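Note sheet for the following structure.
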Amino acid sequence: MDQSTMNDMMATYTGLRFCPMDMKPENVRLEDIAHALSLLCRGGGHLKYFYSVGQHCINCAAEAAARGWSERVVLACLLHDASEAYISDIIRPVKKHLTNYVEIEDGILKVIFVHFGLNEITQEEWSQVRRIDDEILAHELKQLLCGDWEGTLPVLYAEPDLSCRDVREIEERYQKVYEKIHEKI
């Protein structure tokens, strides 16, 4: 393998090597997603304490389940930020200006959804995922950001766990939440 090819490759926690710009469903592993998301801090790390993308996704899945939404939506909530396991997290105020990043992120998420059987997610289902993502975010902002937060908090059906958790605990919990959902689908 020449140097230019090696520079296009990434290595995952489980030891896979592939080009994230040409990702395939067989490159996706739950263990890689759970591990990476448990180590990524929300908000670019500008929070009162460590709170991971993995924990956020678990909270989103719990909220969808509490609302009685379909298992497909619950799974999509758990996986909605899974692309960040491969390309990291960019805060929303910056992400909206990086159109190429958004295209790359969407492409990777589509591959992940194919791997997990969500390739035919409807616009209505995706709207439910986005709604929960936004509503959980509002609660995160109020509790986790320094300074005053203004705004009306949306009513949630489940109490999100916004406490500081050990990364290994989140990694394991993420996988267990997936397994529980997968059993029902």
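For the structure tokens, the naming scheme is as follows: chains receive sequential letters (A, B, ...) according to their order of presentation, residues are indexed from 1 within each chain, and ligands are indexed from 1 in presentation order.
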Q: Check the DSSP output for the backbone and give back, as a ChimeraX atom specification, the residues of region 11-178 of chain A in helix (DSSP H, G or I).
A: /A:20-22,25-27,30-39,42-45,53-66,71-79,84-87,92-95,99-115,123-144,167-178
Q) Which residues come within 9 Å of Val177 (chain A), counting only C-alpha atoms, excluding same-chain residues fewer than 2 positions away, as a list of chain:residue names? A) A:Ile58, A:Ala61, A:Ala62, A:Leu75, A:Leu78, A:Glu172, A:Arg173, A:Tyr174, A:Gln175, A:Glu179, A:Lys180, A:Ile181, A:His182
Q: Write out as a list of chain:residue names the residues lying within 8 Å of region 132-147 of chain A, counting only C-alpha atoms and excluding same-chain residues fewer than 4 positions away.
A: A:His46, A:Leu47, A:Lys48, A:Tyr49, A:His56, A:Asn59, A:Cys60, A:Glu63, A:Ala64, A:Cys77, A:Gln128, A:Leu153, A:Pro154, A:Leu156, A:Pro160, A:Leu162
Q: Select, from A:Glu159, A:Asp89, A:Glu169, A:Glu26, the residue with the minimum atom-to-atom distance to Ala65 (chain A), counting only C-alpha atoms.
A: A:Glu159
Q.
Between A:Arg29, A:His35, A:Arg92, A:Arg130, which residue has the minimum interatomic distance to Ala76 (chain A), considering only C-alpha atoms?
A.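 Closest to Ala76 (chain A), using only C-alpha atoms: A:Arg130.
Neighbours of Leu16 (chain A) closer than or equal to 12 Å, with only C-alpha atoms counted and sequence neighbours fewer than 3 positions away skipped, come out as Met9, Met10, Ala11, Thr12, Tyr13, Cys19, Pro20, Met23, Lys24, Glu26, Asn27, Val28, Arg29, Glu31, Asp32 and Tyr86 of chain A.
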Put those residues in a file: all heavy atoms, as a tab-separated table (two decimals), in the first residue's frame.
```tsv
chain	number	residue	atom	x	y	z
A	9	MET	N	-6.82	6.25	4.66
A	9	MET	CA	-7.41	5.20	5.47
A	9	MET	C	-7.56	5.66	6.92
A	9	MET	O	-6.82	6.50	7.40
A	9	MET	CB	-6.51	3.96	5.44
A	9	MET	CG	-6.21	3.43	4.05
A	9	MET	SD	-7.64	2.77	3.24
A	9	MET	CE	-7.59	1.11	3.85
A	10	MET	N	-8.52	5.06	7.59
A	10	MET	CA	-8.66	5.25	9.02
A	10	MET	C	-8.58	3.89	9.68
A	10	MET	O	-8.82	2.86	9.04
A	10	MET	CB	-9.97	5.95	9.38
A	10	MET	CG	-11.22	5.10	9.23
A	10	MET	SD	-12.73	5.91	9.85
A	10	MET	CE	-12.40	5.99	11.60
A	11	ALA	N	-8.25	3.88	10.94
A	11	ALA	CA	-8.24	2.65	11.73
A	11	ALA	C	-9.29	2.81	12.83
A	11	ALA	O	-9.35	3.85	13.48
A	11	ALA	CB	-6.86	2.41	12.34
A	12	THR	N	-10.09	1.79	13.02
A	12	THR	CA	-11.13	1.85	14.04
A	12	THR	C	-10.67	1.13	15.31
A	12	THR	O	-9.66	0.41	15.31
A	12	THR	CB	-12.44	1.20	13.55
A	12	THR	OG1	-12.24	-0.21	13.41
A	12	THR	CG2	-12.91	1.82	12.24
A	13	TYR	N	-11.44	1.29	16.35
A	13	TYR	CA	-11.16	0.66	17.64
A	13	TYR	C	-11.01	-0.85	17.51
A	13	TYR	O	-10.15	-1.45	18.14
A	13	TYR	CB	-12.29	1.03	18.61
A	13	TYR	CG	-12.26	0.29	19.91
A	13	TYR	CD1	-11.26	0.52	20.84
A	13	TYR	CD2	-13.26	-0.62	20.23
A	13	TYR	CE1	-11.23	-0.15	22.04
A	13	TYR	CE2	-13.25	-1.30	21.44
A	13	TYR	CZ	-12.24	-1.06	22.34
A	13	TYR	OH	-12.22	-1.72	23.54
A	19	CYS	N	-11.25	3.45	3.97
A	19	CYS	CA	-11.35	4.87	3.62
A	19	CYS	C	-12.74	5.36	4.02
A	19	CYS	O	-13.74	4.88	3.45
A	19	CYS	CB	-11.11	5.06	2.13
A	19	CYS	SG	-11.35	6.77	1.60
A	20	PRO	N	-12.85	6.29	4.95
A	20	PRO	CA	-14.17	6.75	5.37
A	20	PRO	C	-14.93	7.48	4.25
A	20	PRO	O	-16.16	7.57	4.29
A	20	PRO	CB	-13.89	7.68	6.55
A	20	PRO	CG	-12.46	8.08	6.39
A	20	PRO	CD	-11.78	6.95	5.68
A	23	MET	N	-16.91	4.51	2.45
A	23	MET	CA	-17.33	3.56	3.48
A	23	MET	C	-18.39	2.61	2.94
A	23	MET	O	-19.26	3.00	2.17
A	23	MET	CB	-17.89	4.34	4.67
A	23	MET	CG	-17.98	3.55	5.92
A	23	MET	SD	-18.22	4.70	7.30
A	23	MET	CE	-18.79	3.55	8.52
A	24	LYS	N	-18.32	1.37	3.36
A	24	LYS	CA	-19.25	0.31	2.96
A	24	LYS	C	-19.95	-0.23	4.21
A	24	LYS	O	-19.39	-0.16	5.31
A	24	LYS	CB	-18.50	-0.83	2.27
A	24	LYS	CG	-17.61	-0.41	1.13
A	24	LYS	CD	-18.41	-0.17	-0.13
A	24	LYS	CE	-17.53	0.03	-1.33
A	24	LYS	NZ	-17.24	1.39	-1.67
A	26	GLU	N	-20.15	-3.12	5.34
A	26	GLU	CA	-19.32	-4.11	6.05
A	26	GLU	C	-18.23	-3.46	6.91
A	26	GLU	O	-17.58	-4.12	7.72
A	26	GLU	CB	-18.70	-5.13	5.08
A	26	GLU	CG	-17.84	-4.55	4.00
A	26	GLU	CD	-18.60	-4.22	2.69
A	26	GLU	OE1	-19.84	-4.14	2.70
A	26	GLU	OE2	-17.92	-4.05	1.68
A	27	ASN	N	-18.01	-2.14	6.74
A	27	ASN	CA	-17.05	-1.42	7.58
A	27	ASN	C	-17.64	-0.99	8.91
A	27	ASN	O	-16.92	-0.49	9.78
A	27	ASN	CB	-16.53	-0.16	6.86
A	27	ASN	CG	-15.85	-0.45	5.54
A	27	ASN	OD1	-16.12	0.21	4.55
A	27	ASN	ND2	-14.97	-1.43	5.51
A	28	VAL	N	-18.94	-1.14	9.06
A	28	VAL	CA	-19.65	-0.66	10.24
A	28	VAL	C	-19.67	-1.74	11.32
A	28	VAL	O	-20.05	-2.88	11.05
A	28	VAL	CB	-21.09	-0.24	9.88
A	28	VAL	CG1	-21.86	0.20	11.12
A	28	VAL	CG2	-21.09	0.85	8.81
A	29	ARG	N	-19.26	-1.35	12.51
A	29	ARG	CA	-19.34	-2.26	13.66
A	29	ARG	C	-19.91	-1.50	14.85
A	29	ARG	O	-19.45	-0.39	15.17
A	29	ARG	CB	-17.96	-2.80	14.02
A	29	ARG	CG	-17.43	-3.78	12.99
A	29	ARG	CD	-16.26	-4.55	13.51
A	29	ARG	NE	-15.77	-5.47	12.48
A	29	ARG	CZ	-14.56	-5.96	12.47
A	29	ARG	NH1	-13.70	-5.64	13.42
A	29	ARG	NH2	-14.20	-6.79	11.51
A	31	GLU	N	-19.47	-2.05	17.91
A	31	GLU	CA	-18.44	-1.85	18.92
A	31	GLU	C	-17.63	-0.58	18.65
A	31	GLU	O	-17.28	0.14	19.58
A	31	GLU	CB	-17.49	-3.06	18.98
A	31	GLU	CG	-18.16	-4.34	19.39
A	31	GLU	CD	-18.83	-5.08	18.21
A	31	GLU	OE1	-18.80	-4.60	17.05
A	31	GLU	OE2	-19.40	-6.16	18.48
A	32	ASP	N	-17.33	-0.31	17.38
A	32	ASP	CA	-16.60	0.91	17.02
A	32	ASP	C	-17.43	2.15	17.32
A	32	ASP	O	-16.92	3.15	17.85
A	32	ASP	CB	-16.22	0.90	15.53
A	32	ASP	CG	-15.11	-0.08	15.22
A	32	ASP	OD1	-14.24	-0.32	16.08
A	32	ASP	OD2	-15.10	-0.63	14.10
A	86	TYR	N	-16.94	8.11	13.15
A	86	TYR	CA	-15.96	7.99	12.06
A	86	TYR	C	-15.37	9.33	11.63
A	86	TYR	O	-14.28	9.35	11.07
A	86	TYR	CB	-16.60	7.28	10.86
A	86	TYR	CG	-17.11	5.90	11.23
A	86	TYR	CD1	-18.44	5.70	11.56
A	86	TYR	CD2	-16.24	4.82	11.31
A	86	TYR	CE1	-18.90	4.44	11.95
A	86	TYR	CE2	-16.69	3.56	11.68
A	86	TYR	CZ	-18.02	3.38	12.00
A	86	TYR	OH	-18.46	2.14	12.38
```
Q | Residue nearest Asp106 (chain A) - candidates A:Val129, A:Val94, A:Ile87, A:Met6, atoms counted: only C-alpha atoms | A |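 Closest to Asp106 (chain A), using only C-alpha atoms: A:Ile87.
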(Q) Here is a test: counting only C-alpha atoms, which residue of A:Glu171, A:Glu124, A:Glu84, A:Asp166 is nearest to Ile108 (chain A)? (A) A:Glu84
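Of the residues in chain A, those given strand (DSSP E or B) by DSSP on the backbone are Met10, Ala11, Arg17, Phe18, Cys41 and Ser52 of chain A.
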Just to be explicit: take each residue in the selection above, keep C-alpha atoms, and write the result as a PDB file, in the first residue's frame.
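This is the output file result.pdb:
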```pdb
ATOM      1  CA  MET A  10      -8.659   5.255   9.021  1.00  0.00           C
ATOM      2  CA  ALA A  11      -8.241   2.650  11.735  1.00  0.00           C
ATOM      3  CA  ARG A  17      -8.906  -0.142   8.174  1.00  0.00           C
ATOM      4  CA  PHE A  18     -10.841   1.553   5.379  1.00  0.00           C
ATOM      5  CA  CYS A  41     -17.727  15.104  24.244  1.00  0.00           C
ATOM      6  CA  SER A  52     -20.599  12.168  25.615  1.00  0.00           C
TER       7      SER A  52
END
```
Q. Just how far from CA of Arg42 (chain A) is CA of Ile90 (chain A), in Å to one decimal?
A. 9.0 Å
(Q) Which residues are close to Ala85 (chain A), i.e. within 7 Å by only C-alpha atoms, leaving aside same-chain residues fewer than 3 positions away? Reply as a list in words. (A)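 With the cut-off at 7 Å, the set is Ile33, Ala36, Leu37, Ala82 and Ser88 of chain A.
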How would the residues just chosen look if you wrote them out with N, CA, C and O atoms as a CSV table (one decimal), in the first residue's frame?
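Printed below is again-v3.csv as written:
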```csv
chain,number,residue,atom,x,y,z
A,33,ILE,N,-18.7,2.1,17.0
A,33,ILE,CA,-19.6,3.2,17.2
A,33,ILE,C,-19.7,3.5,18.7
A,33,ILE,O,-19.6,4.6,19.2
A,36,ALA,N,-16.3,4.9,20.2
A,36,ALA,CA,-16.0,6.2,19.8
A,36,ALA,C,-16.9,7.3,20.3
A,36,ALA,O,-16.5,8.3,20.8
A,37,LEU,N,-18.2,7.0,20.3
A,37,LEU,CA,-19.2,8.0,20.8
A,37,LEU,C,-19.1,8.1,22.3
A,37,LEU,O,-19.4,9.2,22.8
A,82,ALA,N,-24.2,8.5,14.8
A,82,ALA,CA,-23.2,7.4,14.6
A,82,ALA,C,-22.1,7.8,13.6
A,82,ALA,O,-21.0,7.3,13.7
A,88,SER,N,-15.9,12.4,13.7
A,88,SER,CA,-15.9,13.3,14.9
A,88,SER,C,-17.2,14.2,14.9
A,88,SER,O,-18.0,14.0,14.0
```
Q: Go through A:Tyr51, A:Pro25, A:Ser127, A:Gly44 and flag the residue nearest Cys164 (chain A), using only C-alpha atoms for the distances.
A: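 The shortest atom-to-atom distance to Cys164 (chain A) comes from A:Tyr51.
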(Q) Which residues are close to Gly107 (chain A), i.e. within 9 Å by only C-alpha atoms, leaving aside same-chain residues fewer than 5 positions away? Reply as number ranges by chain. (A) A: 21, 23, 83, 102, 112
Store the residues picked out above in a file with N, CA, C and O atoms, as a PDB file, in the first residue's frame.
```
ATOM      1  N   MET A  21     -14.219   7.947   3.248  1.00  0.00           N
ATOM      2  CA  MET A  21     -14.858   8.627   2.119  1.00  0.00           C
ATOM      3  C   MET A  21     -15.464   7.619   1.143  1.00  0.00           C
ATOM      4  O   MET A  21     -16.194   7.996   0.234  1.00  0.00           O
ATOM      5  N   MET A  23     -16.909   4.511   2.451  1.00  0.00           N
ATOM      6  CA  MET A  23     -17.331   3.559   3.477  1.00  0.00           C
ATOM      7  C   MET A  23     -18.395   2.613   2.940  1.00  0.00           C
ATOM      8  O   MET A  23     -19.260   2.997   2.165  1.00  0.00           O
ATOM      9  N   SER A  83     -22.402   8.639  12.636  1.00  0.00           N
ATOM     10  CA  SER A  83     -21.367   9.062  11.682  1.00  0.00           C
ATOM     11  C   SER A  83     -20.214   9.751  12.402  1.00  0.00           C
ATOM     12  O   SER A  83     -19.068   9.693  11.953  1.00  0.00           O
ATOM     13  N   VAL A 102     -21.402  18.301   5.796  1.00  0.00           N
ATOM     14  CA  VAL A 102     -22.762  17.787   5.943  1.00  0.00           C
ATOM     15  C   VAL A 102     -23.020  16.681   4.915  1.00  0.00           C
ATOM     16  O   VAL A 102     -23.613  15.648   5.238  1.00  0.00           O
ATOM     17  N   ILE A 112     -24.302   3.588   7.459  1.00  0.00           N
ATOM     18  CA  ILE A 112     -24.569   3.017   8.788  1.00  0.00           C
ATOM     19  C   ILE A 112     -26.010   2.533   8.868  1.00  0.00           C
ATOM     20  O   ILE A 112     -26.281   1.427   9.351  1.00  0.00           O
TER      21      ILE A 112
END
```
